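Trainee: Sharing data-v7.txt here; it has compact mmCIF, C-alpha atoms.
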```txt
# COMPACT_ATOMS: atom_id res chain seq x y z
CA MET A 29 0.00 0.00 0.00
CA ARG A 30 1.29 3.44 -0.89
CA ASN A 31 2.09 5.75 1.99
CA ASN A 32 0.21 8.86 0.83
CA PRO A 33 1.54 12.29 1.78
CA PRO A 34 -0.54 14.23 4.28
CA ILE A 35 -2.58 17.24 3.22
CA GLN A 36 -0.85 20.16 4.93
CA ILE A 37 -2.76 23.32 5.74
CA PHE A 38 -2.18 26.20 8.14
CA GLU A 39 -4.28 27.51 11.01
CA TYR A 40 -7.51 29.16 9.88
CA GLY A 41 -6.98 27.68 6.42
CA PHE A 42 -9.80 26.46 4.19
CA LEU A 43 -9.78 23.05 2.51
CA LYS A 44 -12.19 22.73 -0.40
CA ILE A 45 -13.98 19.55 -1.35
CA GLY A 46 -12.17 18.10 -4.36
CA GLU A 47 -8.73 19.46 -3.38
CA GLN A 48 -5.82 17.08 -2.69
CA GLY A 49 -8.08 14.02 -2.41
CA PHE A 50 -10.47 15.57 0.11
CA ASP A 51 -13.89 14.42 -1.09
CA ARG A 52 -17.52 14.59 0.00
CA PRO A 53 -17.39 11.34 2.09
CA HIS A 54 -14.45 12.81 4.05
CA TRP A 55 -16.45 16.01 4.59
CA MET A 56 -19.42 14.01 5.86
CA ALA A 57 -17.22 12.06 8.28
CA LEU A 58 -15.81 15.33 9.68
CA ASP A 59 -19.34 16.66 9.99
CA LYS A 60 -20.32 13.69 12.19
CA TYR A 61 -17.15 14.10 14.26
CA ASN A 62 -17.85 17.82 14.71
CA GLU A 63 -21.35 17.11 16.01
CA THR A 64 -19.95 14.70 18.59
CA HIS A 65 -17.26 17.09 19.83
CA GLY A 66 -19.15 20.38 19.96
CA GLY A 67 -17.84 21.88 16.73
CA GLY A 68 -14.88 23.67 18.31
CA PHE A 69 -12.00 22.27 16.27
CA PHE A 70 -13.15 23.32 12.80
CA SER A 71 -16.25 24.60 11.02
CA LEU A 72 -17.97 22.97 8.07
CA HIS A 73 -19.09 24.93 5.01
CA HIS A 74 -21.08 23.62 2.06
CA ASN A 75 -17.94 23.37 -0.09
CA GLY A 76 -15.25 22.55 2.45
CA VAL A 77 -13.91 22.86 5.98
CA LYS A 78 -12.34 25.86 7.72
CA PHE A 79 -9.90 25.17 10.54
CA ASN A 80 -9.56 27.19 13.73
CA GLN A 81 -6.68 27.82 16.12
CA TYR A 82 -6.16 24.09 16.70
CA VAL A 83 -3.05 22.49 15.24
CA GLY A 84 -2.16 18.83 14.88
CA VAL A 85 -3.41 16.00 12.73
CA ILE A 86 -6.74 14.57 11.57
CA GLN A 87 -6.94 11.12 10.01
CA VAL A 88 -10.19 10.67 8.09
CA GLY A 89 -10.58 7.53 6.03
CA ASN A 90 -7.62 7.19 3.68
CA ILE A 91 -6.31 10.76 4.04
CA THR A 92 -4.33 12.59 6.68
CA ILE A 93 -4.74 16.33 7.25
CA GLU A 94 -2.04 18.22 9.15
CA ILE A 95 -2.94 21.64 10.55
CA LEU A 96 0.26 23.64 11.04
CA PRO A 97 0.94 26.83 13.02
CA LYS A 98 1.38 30.15 11.30
CA ILE A 99 2.23 33.67 12.35
CA GLY A 100 0.25 36.56 10.96
CA LYS A 101 -2.62 36.60 8.53
CA THR A 102 -0.80 35.01 5.60
CA ALA A 103 0.47 31.44 5.54
CA PRO A 104 4.06 30.94 4.32
CA LYS A 105 3.58 29.15 1.00
CA GLY A 106 6.03 26.35 0.33
CA GLU A 107 7.20 26.26 3.96
CA GLU A 108 4.87 23.54 5.23
CA ALA A 109 7.72 21.09 5.99
CA LYS A 110 9.52 23.73 8.08
CA TRP A 111 6.45 24.52 10.17
CA GLN A 112 5.62 20.86 10.57
CA LYS A 113 9.04 20.39 12.16
CA VAL A 114 8.50 23.49 14.33
CA LEU A 115 5.20 22.05 15.57
CA ILE A 116 6.71 18.64 16.38
CA ASP A 117 9.66 20.26 18.17
CA MET A 118 7.33 22.48 20.20
CA LEU A 119 5.21 19.47 21.19
CA ARG A 120 8.33 17.61 22.21
CA GLU A 121 9.72 20.52 24.24
CA CYS A 122 6.39 20.76 26.09
CA SER A 123 6.31 16.97 26.65
CA TRP A 124 3.06 16.79 24.72
CA MET A 125 4.86 14.33 22.46
CA GLN A 126 6.71 12.31 25.07
CA VAL A 127 10.39 11.34 24.63
CA TYR A 128 10.35 12.04 20.90
CA ALA A 129 13.91 12.45 19.61
CA HIS A 130 15.15 13.42 16.15
CA GLU A 131 17.95 10.90 16.07
CA LYS A 132 15.59 8.10 17.03
CA ALA A 133 12.19 7.36 15.73
CA SER A 134 9.92 9.34 13.98
CA LEU A 135 9.84 10.94 10.68
CA ARG A 136 11.92 8.36 8.86
CA PHE A 137 9.20 7.99 6.24
CA LYS A 138 9.22 9.31 2.73
CA TYR A 139 6.51 11.80 3.66
CA ASN A 140 6.92 13.09 7.19
CA SER A 141 3.72 12.78 9.18
CA ILE A 142 2.83 13.95 12.67
CA LEU A 143 0.41 11.06 13.08
CA GLU A 144 2.97 8.47 12.00
CA ALA A 145 5.45 9.99 14.47
CA TYR A 146 2.97 9.41 17.31
CA LEU A 147 2.20 5.90 16.11
CA GLU A 148 5.84 4.89 15.86
CA LEU A 149 6.53 6.35 19.28
CA TYR A 150 3.69 4.25 20.69
CA ILE A 151 5.05 1.12 19.00
CA ILE A 152 8.51 1.79 20.46
CA GLU A 153 7.03 2.09 23.95
CA CYS A 154 5.10 -1.18 23.52
CA GLU A 155 8.21 -2.98 22.24
CA LYS A 156 10.08 -1.73 25.29
CA LEU A 157 7.38 -3.01 27.65
CA LEU A 158 7.37 -6.42 25.96
CA ARG A 159 11.14 -6.68 26.43
CA LEU A 160 10.74 -5.80 30.11
CA GLY A 161 7.84 -8.25 30.44
CA LEU A 162 4.17 -7.31 30.64
CA ILE A 163 3.00 -6.91 34.22
CA LYS A 164 0.89 -9.50 36.01
CA LYS A 165 -1.78 -8.71 38.58
CA TYR A 166 -4.18 -10.62 40.80
CA ARG A 167 -7.84 -10.73 39.74
CA LEU A 168 -10.95 -12.67 40.71
CA GLU A 169 -12.30 -15.21 38.22
CA ASN A 170 -15.43 -17.35 38.25
CA SER A 171 -14.82 -20.68 36.49
CA ASN A 172 -14.80 -24.46 36.78
CA CYS A 173 -11.82 -26.07 38.50
CA THR A 174 -10.79 -29.69 38.95
CA ALA A 175 -9.83 -28.94 42.58
CA LEU A 176 -11.72 -26.90 45.16
CA LYS A 177 -10.04 -23.53 45.57
CA GLY A 178 -11.33 -20.14 46.51
CA LYS A 179 -15.06 -19.74 47.22
CA LEU A 180 -17.50 -22.36 45.99
CA LEU A 181 -20.49 -20.74 44.23
CA PHE A 182 -23.24 -23.22 45.17
CA ALA A 183 -26.04 -22.11 42.85
CA GLN A 184 -23.81 -21.88 39.78
CA ASN A 185 -22.05 -25.12 40.70
CA ILE A 186 -25.37 -27.02 40.73
CA GLN A 187 -26.42 -25.38 37.47
CA LYS A 188 -23.19 -26.01 35.58
CA ASN A 189 -21.91 -29.25 37.12
CA LEU A 190 -24.98 -31.37 37.62
CA VAL A 191 -23.50 -33.93 35.23
CA HIS A 192 -19.80 -33.21 35.84
CA GLN A 193 -19.68 -33.63 39.58
CA GLU A 194 -15.90 -33.91 39.48
CA LEU A 195 -15.72 -30.12 38.79
CA PHE A 196 -16.14 -27.20 41.16
CA TYR A 197 -17.46 -23.81 40.06
CA THR A 198 -15.59 -21.33 42.25
CA ARG A 199 -14.55 -17.72 42.58
CA HIS A 200 -10.80 -17.71 42.98
CA GLN A 201 -7.75 -15.52 42.46
CA VAL A 202 -5.73 -15.68 39.26
CA TYR A 203 -2.31 -14.10 38.76
CA ASP A 204 -1.86 -13.30 35.07
CA ARG A 205 -1.53 -10.55 32.45
CA GLU A 206 -5.29 -9.98 32.11
CA ASN A 207 -5.40 -6.45 33.55
CA ILE A 208 -6.51 -2.99 32.45
CA TYR A 209 -3.00 -1.77 31.59
CA ASN A 210 -2.26 -4.56 29.12
CA GLN A 211 -5.82 -4.44 27.76
CA ILE A 212 -5.44 -0.74 26.91
CA LEU A 213 -2.10 -1.34 25.18
CA LEU A 214 -3.55 -4.13 23.08
CA LYS A 215 -6.68 -2.16 22.13
CA ALA A 216 -4.57 0.78 20.89
CA LEU A 217 -2.22 -1.55 19.00
CA LYS A 218 -5.16 -3.07 17.14
CA LEU A 219 -6.24 0.43 16.14
CA ILE A 220 -2.97 1.29 14.36
CA PRO A 221 -3.49 -0.92 11.24
CA VAL A 222 -6.90 0.73 10.82
CA ILE A 223 -5.60 4.32 10.81
CA SER A 224 -2.06 3.96 9.46
CA GLN A 225 -1.11 3.85 5.79
CA SER A 226 2.48 2.84 6.51
CA PRO A 227 3.40 -0.78 5.66
CA PHE A 228 6.50 -0.33 7.85
CA LEU A 229 4.41 0.46 10.94
CA LYS A 230 1.84 -2.22 10.17
CA ASP A 231 4.52 -4.91 9.98
CA ARG A 232 5.88 -3.87 13.38
CA VAL A 233 2.37 -3.87 14.88
CA TYR A 234 1.58 -7.34 13.56
CA SER A 235 4.83 -8.62 15.11
CA LEU A 236 3.82 -7.07 18.42
CA LEU A 237 0.33 -8.58 18.25
CA LEU A 238 1.84 -12.05 17.81
CA ALA A 239 3.85 -11.53 21.00
CA PHE A 240 0.90 -10.20 23.02
CA PRO A 241 -1.22 -12.65 25.05
CA GLU A 242 -4.92 -12.99 24.23
CA LEU A 243 -6.81 -10.45 26.35
CA GLN A 244 -10.39 -9.31 26.68
CA ASP A 245 -11.50 -6.42 24.48
CA ILE A 246 -12.66 -3.58 26.71
CA LYS A 247 -14.58 -0.34 26.21
CA VAL A 248 -12.66 2.77 27.21
CA ASN A 249 -13.65 6.33 28.02
CA GLU A 250 -12.09 9.23 29.94
CA ALA A 251 -13.04 7.67 33.27
CA THR A 252 -11.07 4.54 32.36
CA PHE A 253 -7.83 6.50 32.24
CA GLN A 254 -8.65 8.74 35.21
CA LYS A 255 -8.96 5.69 37.46
CA LEU A 256 -5.52 4.31 36.58
CA VAL A 257 -2.95 4.37 39.36
CA PHE A 258 0.74 4.22 38.48
CA ASP A 259 2.88 2.48 41.08
CA ARG A 260 6.34 0.98 41.01
CA LYS A 261 5.28 -1.81 38.66
CA THR A 262 3.13 0.25 36.30
CA THR A 263 5.20 3.46 36.04
CA PRO A 264 6.97 2.19 32.87
CA TYR A 265 3.51 2.06 31.25
CA ARG A 266 2.80 5.77 31.75
CA GLU A 267 4.04 7.13 28.41
CA ALA A 268 2.48 4.32 26.38
CA ILE A 269 -0.83 4.76 28.22
CA GLU A 270 -0.79 8.52 27.55
CA ILE A 271 -0.42 7.96 23.81
CA ALA A 272 -2.98 5.14 23.89
CA ALA A 273 -5.45 7.50 25.57
CA MET A 274 -4.79 10.12 22.92
CA LEU A 275 -5.49 7.59 20.16
CA LEU A 276 -8.49 5.80 21.68
CA LEU A 277 -10.36 8.81 23.08
CA ASN A 278 -9.99 10.83 19.88
CA TYR A 279 -10.95 8.02 17.51
CA ARG A 280 -14.46 7.87 16.09
CA PRO A 281 -15.21 4.79 13.94
CA ASP A 282 -17.56 5.25 10.99
CA ILE A 283 -20.14 2.61 11.83
CA SER A 284 -22.40 3.31 8.85
CA SER A 285 -19.94 2.76 6.00
CA GLY A 286 -16.90 1.36 7.78
CA HIS A 287 -14.52 3.37 5.59
CA ASN A 288 -14.15 6.93 6.83
CA HIS A 289 -13.00 6.52 10.43
CA VAL A 290 -11.86 9.75 12.08
CA LEU A 291 -8.94 10.27 14.47
CA ALA A 292 -8.13 13.82 15.57
CA ILE A 293 -5.09 14.75 17.69
CA LEU A 294 -5.40 18.52 18.02
CA PHE A 295 -3.90 21.16 20.29
CA ASP A 296 -4.95 24.75 20.93
CA MET A 297 -2.03 26.78 19.56
CA ASN A 298 -2.53 29.43 22.22
CA ASP A 299 -2.09 26.84 24.97
CA LEU A 300 0.93 25.32 23.24
CA TRP A 301 2.63 28.71 22.84
CA GLU A 302 1.98 29.53 26.50
CA GLU A 303 3.37 26.20 27.68
CA TYR A 304 6.43 26.49 25.44
CA ILE A 305 7.31 29.99 26.66
CA TYR A 306 6.89 29.02 30.31
CA ARG A 307 9.13 25.96 29.96
CA GLN A 308 11.80 27.95 28.14
CA LEU A 309 11.78 30.72 30.75
CA VAL A 310 12.16 28.18 33.56
CA LYS A 311 14.85 26.27 31.69
CA HIS A 312 17.08 29.35 31.43
CA LYS A 313 16.04 31.33 34.52
CA PRO A 314 18.60 32.96 36.82
CA ALA A 315 18.99 31.29 40.20
CA ASP A 316 17.51 34.24 42.09
CA TRP A 317 14.31 34.35 40.04
CA HIS A 318 11.05 32.70 40.98
CA ILE A 319 8.74 31.80 38.06
CA ARG A 320 5.17 30.59 38.57
CA PRO A 321 2.66 29.51 35.92
CA GLN A 322 -1.02 30.46 36.10
CA HIS A 323 -1.18 31.65 39.71
CA TYR A 324 -4.88 32.02 40.52
CA LYS A 325 -6.53 34.77 42.59
CA ARG A 326 -10.15 35.71 43.19
CA PHE A 327 -11.07 39.26 42.23
CA TRP A 328 -14.88 39.33 42.49
CA GLU A 329 -17.51 37.47 44.46
CA SER A 330 -21.27 37.57 44.88
CA GLY A 331 -22.46 37.86 48.46
CA ALA A 332 -25.89 36.50 47.62
CA SER A 333 -24.98 33.38 45.63
CA SER A 334 -21.38 32.81 46.80
CA HIS A 335 -20.25 32.80 43.18
CA TYR A 336 -16.86 34.29 42.39
CA LYS A 337 -14.60 35.18 39.48
CA GLY A 338 -10.85 34.72 39.32
CA VAL A 339 -7.83 35.88 37.35
CA LYS A 340 -4.89 33.74 36.26
CA PRO A 341 -1.93 35.23 34.36
CA ASP A 342 0.19 32.93 32.21
CA VAL A 343 3.55 33.54 33.91
CA ILE A 344 4.64 35.53 36.99
CA ILE A 345 8.35 36.35 37.37
CA THR A 346 9.50 37.56 40.80
CA TYR A 347 12.93 39.07 41.47
CA GLU A 348 13.94 40.99 44.61
CA LYS A 349 10.28 41.43 45.65
CA ARG A 350 9.44 42.92 42.25
CA CYS A 351 7.01 41.25 39.91
CA VAL A 352 6.68 41.07 36.12
CA ILE A 353 3.59 39.53 34.53
CA VAL A 354 3.98 37.75 31.16
CA ASP A 355 0.91 36.89 29.12
CA THR A 356 1.43 35.05 25.83
CA LYS A 357 -0.64 35.68 22.70
CA TRP A 358 -0.31 33.56 19.54
CA LYS A 359 -1.23 36.38 17.16
CA LEU A 360 0.13 39.66 15.90
CA PRO A 361 -1.40 42.93 17.14
CA ASP A 362 -2.49 45.44 14.50
CA ARG A 363 0.02 48.31 14.39
CA ASN A 364 1.52 46.94 17.64
CA ILE A 365 -1.58 48.09 19.54
CA PRO A 366 -3.01 45.38 21.84
CA ASP A 367 -6.69 44.58 21.99
CA ASP A 368 -8.70 46.47 24.61
CA ALA A 369 -9.58 43.24 26.42
CA ASP A 370 -5.90 42.23 26.61
CA LEU A 371 -4.87 45.59 28.08
CA LYS A 372 -7.65 45.52 30.67
CA GLN A 373 -6.60 42.01 31.58
CA MET A 374 -2.99 43.10 32.10
CA PHE A 375 -4.12 46.10 34.17
CA VAL A 376 -5.94 43.75 36.57
CA TYR A 377 -2.90 41.46 36.78
CA ASN A 378 -0.62 44.32 37.76
CA GLU A 379 -3.10 45.59 40.35
CA TYR A 380 -3.58 42.22 42.02
CA TRP A 381 0.03 41.03 41.96
CA GLU A 382 1.53 44.52 42.48
CA GLY A 383 3.46 44.11 39.26
CA ILE A 384 5.89 46.78 38.09
CA ASN A 385 5.37 45.80 34.47
CA ALA A 386 3.24 43.51 32.37
CA LEU A 387 4.38 42.05 29.06
CA LEU A 388 2.12 40.98 26.23
CA LEU A 389 4.37 38.47 24.49
CA TYR A 390 3.70 37.82 20.80
CA PRO A 391 5.53 35.58 18.31
CA HIS A 392 7.70 37.11 15.61
CA LEU A 393 8.66 35.49 12.31
CA ASP A 394 11.99 37.23 11.71
CA TYR A 395 14.93 36.47 13.99
CA THR A 396 16.39 39.27 16.11
CA PRO A 397 19.14 38.79 18.74
CA THR A 398 16.98 40.53 21.34
CA PRO A 399 13.20 40.68 21.56
CA LYS A 400 11.47 43.67 20.04
CA TYR A 401 9.91 45.72 22.82
CA GLU A 402 7.63 48.72 22.79
CA PRO A 403 6.85 50.15 26.24
CA GLY A 404 3.40 51.33 27.23
CA THR A 405 2.03 52.90 30.39
CA PHE A 406 -1.25 52.90 32.25
CA ILE A 407 -2.17 56.55 32.80
CA ASN A 408 -2.07 57.70 36.44
CA ARG A 409 -0.65 54.35 37.55
CA LYS A 410 2.84 53.38 38.70
CA HIS A 411 2.80 50.18 36.68
CA SER A 412 2.94 49.68 32.93
CA CYS A 413 2.31 47.23 30.10
CA GLY A 414 4.55 46.76 27.07
CA VAL A 415 4.34 44.84 23.82
CA MET A 416 7.12 42.31 23.23
CA LYS A 417 7.75 40.20 20.14
CA THR A 418 10.21 37.34 20.02
CA SER A 419 11.20 35.14 17.11
CA VAL A 420 9.96 31.56 16.99
CA LEU A 421 12.62 30.35 14.55
CA CYS A 422 16.34 30.06 15.13
CA ASP A 423 19.01 32.36 13.73
CA THR A 424 19.53 31.45 10.07
CA ALA A 425 23.03 32.94 10.21
CA THR A 426 24.20 30.28 12.69
CA SER A 427 22.02 27.33 11.65
CA THR A 428 21.75 25.64 8.27
CA ILE A 429 18.31 24.24 9.18
CA VAL A 430 15.57 26.71 9.98
CA THR A 431 13.76 25.31 13.00
CA LEU A 432 12.49 26.16 16.45
CA ASP A 433 14.63 28.60 18.45
CA ARG A 434 15.72 26.73 21.57
CA ASN A 435 17.48 29.78 23.02
CA ILE A 436 14.28 31.79 23.20
CA GLY A 437 14.10 31.50 27.00
CA GLN A 438 17.67 32.66 27.49
CA ARG A 439 17.18 35.69 25.25
CA LEU A 440 13.91 36.61 26.95
CA ASN A 441 15.34 36.28 30.46
CA GLU A 442 18.41 38.33 29.62
CA TYR A 443 16.32 41.13 28.16
CA ILE A 444 13.82 41.14 31.04
CA LYS A 445 16.61 41.24 33.62
CA LYS A 446 18.49 44.00 31.83
CA GLU A 447 15.63 46.23 30.61
CA ILE A 448 12.55 45.45 32.70
CA PHE A 449 14.02 44.74 36.15
CA LYS A 450 16.53 47.58 35.86
```
Show me the file's structure as structure tokens.
Mentor:
Amino acid sequence: MRNNPPIQIFEYGFLKIGEQGFDRPHWMALDKYNETHGGGFFSLHHNGVKFNQYVGVIQVGNITIEILPKIGKTAPKGEEAKWQKVLIDMLRECSWMQVYAHEKASLRFKYNSILEAYLELYIIECEKLLRLGLIKKYRLENSNCTALKGKLLFAQNIQKNLVHQELFYTRHQVYDRENIYNQILLKALKLIPVISQSPFLKDRVYSLLLAFPELQDIKVNEATFQKLVFDRKTTPYREAIEIAAMLLLNYRPDISSGHNHVLAILFDMNDLWEEYIYRQLVKHKPADWHIRPQHYKRFWESGASSHYKGVKPDVIITYEKRCVIVDTKWKLPDRNIPDDADLKQMFVYNEYWEGINALLLYPHLDYTPTPKYEPGTFINRKHSCGVMKTSVLCDTATSTIVTLDRNIGQRLNEYIKKEIFK
């Protein structure tokens, strides 16, 4: 089977029916998926689909759609491969794509695919667990035994063994690999041949399935994964279970036709940008700084109904009892003037955390050694709010491959310490 290239489109892009193999049956499958998930990931039009701020991958039937991040109102034509790599690197840095490494798995296919990267990573984790040995746990089982053990179930024993009086129908303990952890792994492994177009991955999955014991097929939902407890024995399962949850909870089989199954692994780009900036700031922070993410405070409450409202800035940096608030925005402000709502939000943050300065941090396409900063003040207040832009991509003068800037935290911290905390 041919490993088809994914359809690559940028945030807020529009994919028409009839383009790049996207046909009416695919559109109808996405329509059903949208109804199930509240319609927040994309919007359907009569002649196509328009994507929102969510990035990631959608597998629908025999096609894969990758939604890539972009900066500004225009998408960089011909740069899809670069921004695909930026997205994967950002997911890896934020641990939203666990333990992914360039020199290891992933993206060794003719057409790089975000979905195939996740699938191969899951296969690697399962192979590792098989080498270590799948865990065994105790469980209760009701069945016939040739010797009396456990608790004899009298009513069932009479019903089932009226003729075979040499058997005992009992409830007894069994120590084997029939447990929820292994059942989840197996269920996700069986899903891969359905959604993957890669013969390479399918061969590896079939080899794994031969090595797996026969286990019960279970139904899974969010509660299934919330109830899991990871102890000393099951901790090695954590990363595989996380990917399995991502695959199983976001998969919607097409029961009517059996052809256009939908799997969507999507991330809000605003959340991803916020998480990436926070991790980079912490990674390169000076020893005497204290950085907190999303510190929550109440700012309004109703005496009658006991309802309240709270505020939660993205990042709070404290140094020598002075505070700087950083709020990330994955967009570009018109004429470097923030939205009214954003400014009012930053005003409240400064008031409640006694901040000396608030920073609205936006991405910037072009590399500059230091962030671009335009100060701004709140009239008749001692605190201020500035607009800061920092490049997402690395310095092309020092790198032959244009990719994610991994020194962004160091450059931001140096500038904040020198210019904001001065």
Trainee: Show which residues sit within 9 Å of Lys113 of chain A, as number ranges by chain. Count all atoms listed in the file, and ignore same-chain residues fewer than 6 positions away.
Mentor: A: 142, 431-432
Trainee: Could you give me, as a PyMOL selection string, the residues that have an atom at most 12 Å away from the point (-8.1, 0.0, 13.0) in the coordinates of the file, using all atoms listed in the file?
Mentor: chain A and resi 87-90+214-225+230+233+275-276+279-282+286-291
Trainee: Keeping only C-alpha atoms, write the selected residues as a PDB file, keeping the file's coordinate frame.
Mentor:
```
ATOM      1  CA  GLN A  87      -6.940  11.120  10.010  1.00  0.00           C
ATOM      2  CA  VAL A  88     -10.190  10.670   8.090  1.00  0.00           C
ATOM      3  CA  GLY A  89     -10.580   7.530   6.030  1.00  0.00           C
ATOM      4  CA  ASN A  90      -7.620   7.190   3.680  1.00  0.00           C
ATOM      5  CA  LEU A 214      -3.550  -4.130  23.080  1.00  0.00           C
ATOM      6  CA  LYS A 215      -6.680  -2.160  22.130  1.00  0.00           C
ATOM      7  CA  ALA A 216      -4.570   0.780  20.890  1.00  0.00           C
ATOM      8  CA  LEU A 217      -2.220  -1.550  19.000  1.00  0.00           C
ATOM      9  CA  LYS A 218      -5.160  -3.070  17.140  1.00  0.00           C
ATOM     10  CA  LEU A 219      -6.240   0.430  16.140  1.00  0.00           C
ATOM     11  CA  ILE A 220      -2.970   1.290  14.360  1.00  0.00           C
ATOM     12  CA  PRO A 221      -3.490  -0.920  11.240  1.00  0.00           C
ATOM     13  CA  VAL A 222      -6.900   0.730  10.820  1.00  0.00           C
ATOM     14  CA  ILE A 223      -5.600   4.320  10.810  1.00  0.00           C
ATOM     15  CA  SER A 224      -2.060   3.960   9.460  1.00  0.00           C
ATOM     16  CA  GLN A 225      -1.110   3.850   5.790  1.00  0.00           C
ATOM     17  CA  LYS A 230       1.840  -2.220  10.170  1.00  0.00           C
ATOM     18  CA  VAL A 233       2.370  -3.870  14.880  1.00  0.00           C
ATOM     19  CA  LEU A 275      -5.490   7.590  20.160  1.00  0.00           C
ATOM     20  CA  LEU A 276      -8.490   5.800  21.680  1.00  0.00           C
ATOM     21  CA  TYR A 279     -10.950   8.020  17.510  1.00  0.00           C
ATOM     22  CA  ARG A 280     -14.460   7.870  16.090  1.00  0.00           C
ATOM     23  CA  PRO A 281     -15.210   4.790  13.940  1.00  0.00           C
ATOM     24  CA  ASP A 282     -17.560   5.250  10.990  1.00  0.00           C
ATOM     25  CA  GLY A 286     -16.900   1.360   7.780  1.00  0.00           C
ATOM     26  CA  HIS A 287     -14.520   3.370   5.590  1.00  0.00           C
ATOM     27  CA  ASN A 288     -14.150   6.930   6.830  1.00  0.00           C
ATOM     28  CA  HIS A 289     -13.000   6.520  10.430  1.00  0.00           C
ATOM     29  CA  VAL A 290     -11.860   9.750  12.080  1.00  0.00           C
ATOM     30  CA  LEU A 291      -8.940  10.270  14.470  1.00  0.00           C
TER      31      LEU A 291
END
```
Trainee: Just checking: using all atoms listed in the file, which residue out of A:Tyr209, A:Tyr234, A:Tyr166, A:Trp301 ends up closest to Thr252 of chain A?
Mentor: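 Ranked by minimum distance to Thr252 of chain A, first place goes to A:Tyr209.
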Trainee: Mind pulling up the distance from atom CA of Gly41 of chain A to atom CA of Phe79 of chain A?
Mentor: 5.6 Å
Trainee: With all atoms listed in the file as the basis for distance, which of A:Lys450, A:Asn408, A:Leu277, A:Ala425 is at the shortest distance from Val352 of chain A?
Mentor: A:Lys450
Trainee: Given 6 Å on each side, where is the centre and what are the edge lengths in Å to one decimal of the axis-aligned box enclosing the listed atoms of segment 234-244 of chain A, as lines of an AutoDock Vina configuration file?
Mentor:
```
center_x = -2.8
center_y = -10.0
center_z = 20.1
size_x = 27.2
size_y = 17.9
size_z = 25.1
```
Trainee: Determine, for each residue of segment 199-282 of chain A having at least one atom at most 8 Å from an atom of segment 143-161 of chain A, the closest pair of atoms and their separation in Å to one decimal, counting all atoms listed in the file; order by chain and ascending number, as a tab-separated table.
Mentor:
```
residue	atom	partner	partner_atom	distance
A:Leu213	CA	A:Cys154	CA	7.4
A:Leu217	CA	A:Ile151	CA	7.7
A:Ile220	CA	A:Leu147	CA	7.1
A:Ser224	CA	A:Glu144	CA	7.2
A:Ser226	CA	A:Glu144	CA	7.9
A:Leu229	CA	A:Glu148	CA	6.8
A:Arg232	CA	A:Ile151	CA	7.6
A:Val233	CA	A:Ile151	CA	7.0
A:Leu236	CA	A:Glu155	CA	7.1
A:Ala239	CA	A:Leu158	CA	7.9
A:Pro264	CA	A:Leu157	CA	7.4
A:Tyr265	CA	A:Leu157	CA	7.3
A:Glu267	CA	A:Glu153	CA	7.4
A:Ala268	CA	A:Glu153	CA	5.6
A:Ile271	CA	A:Tyr150	CA	6.4
A:Ala272	CA	A:Tyr150	CA	7.5
```
Trainee: When distances are computed from all atoms listed in the file, which of A:Ile365, A:Met416, A:Leu421, A:Ala57 shows the smallest separation from Lys98 of chain A?
Mentor: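 Residue with the minimum atom-to-atom distance to Lys98 of chain A: A:Leu421.
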Trainee: One number please: atom CA of Asp59 of chain A to atom CA of Ile293 of chain A, in Å, one decimal.
Mentor: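 Atom-to-atom, atom CA of Asp59 of chain A to atom CA of Ile293 of chain A, that is 16.3 Å.
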Trainee: What's the 9 Å shell around segment 167-169 of chain A, counting all atoms listed in the file, without same-chain residues fewer than 4 positions away, as a PyMOL selection string?
Mentor: chain A and resi 198-204+206-207
Trainee: Could you tell me how far atom CA of Ala109 of chain A sits from atom CA of Leu72 of chain A, in Å to one decimal place?
Mentor: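 That distance, rounded to one decimal, is 25.8 Å.
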Trainee: Could you tell me which of A:Leu256, A:Ile345, A:Val339, A:Ile99 comes closest to Asp394 of chain A if we count all atoms listed in the file?
Mentor: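 Looking at the shortest contact to Asp394 of chain A, the residue is A:Ile99.
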Trainee: Between A:Gly46, A:Pro34, A:Gly66, A:Pro403, which is the closest to Glu108 of chain A once you count all atoms listed in the file?
Mentor: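 Distance minimum relative to Glu108 of chain A lands on A:Pro34.
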Trainee: Identify which of the residues A:Leu238, A:Ile353, A:Ile269, A:Ala332 lies closest to Tyr377 of chain A, counting all atoms listed in the file when measuring atom-to-atom distances.
Mentor: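 The shortest atom-to-atom distance to Tyr377 of chain A comes from A:Ile353.
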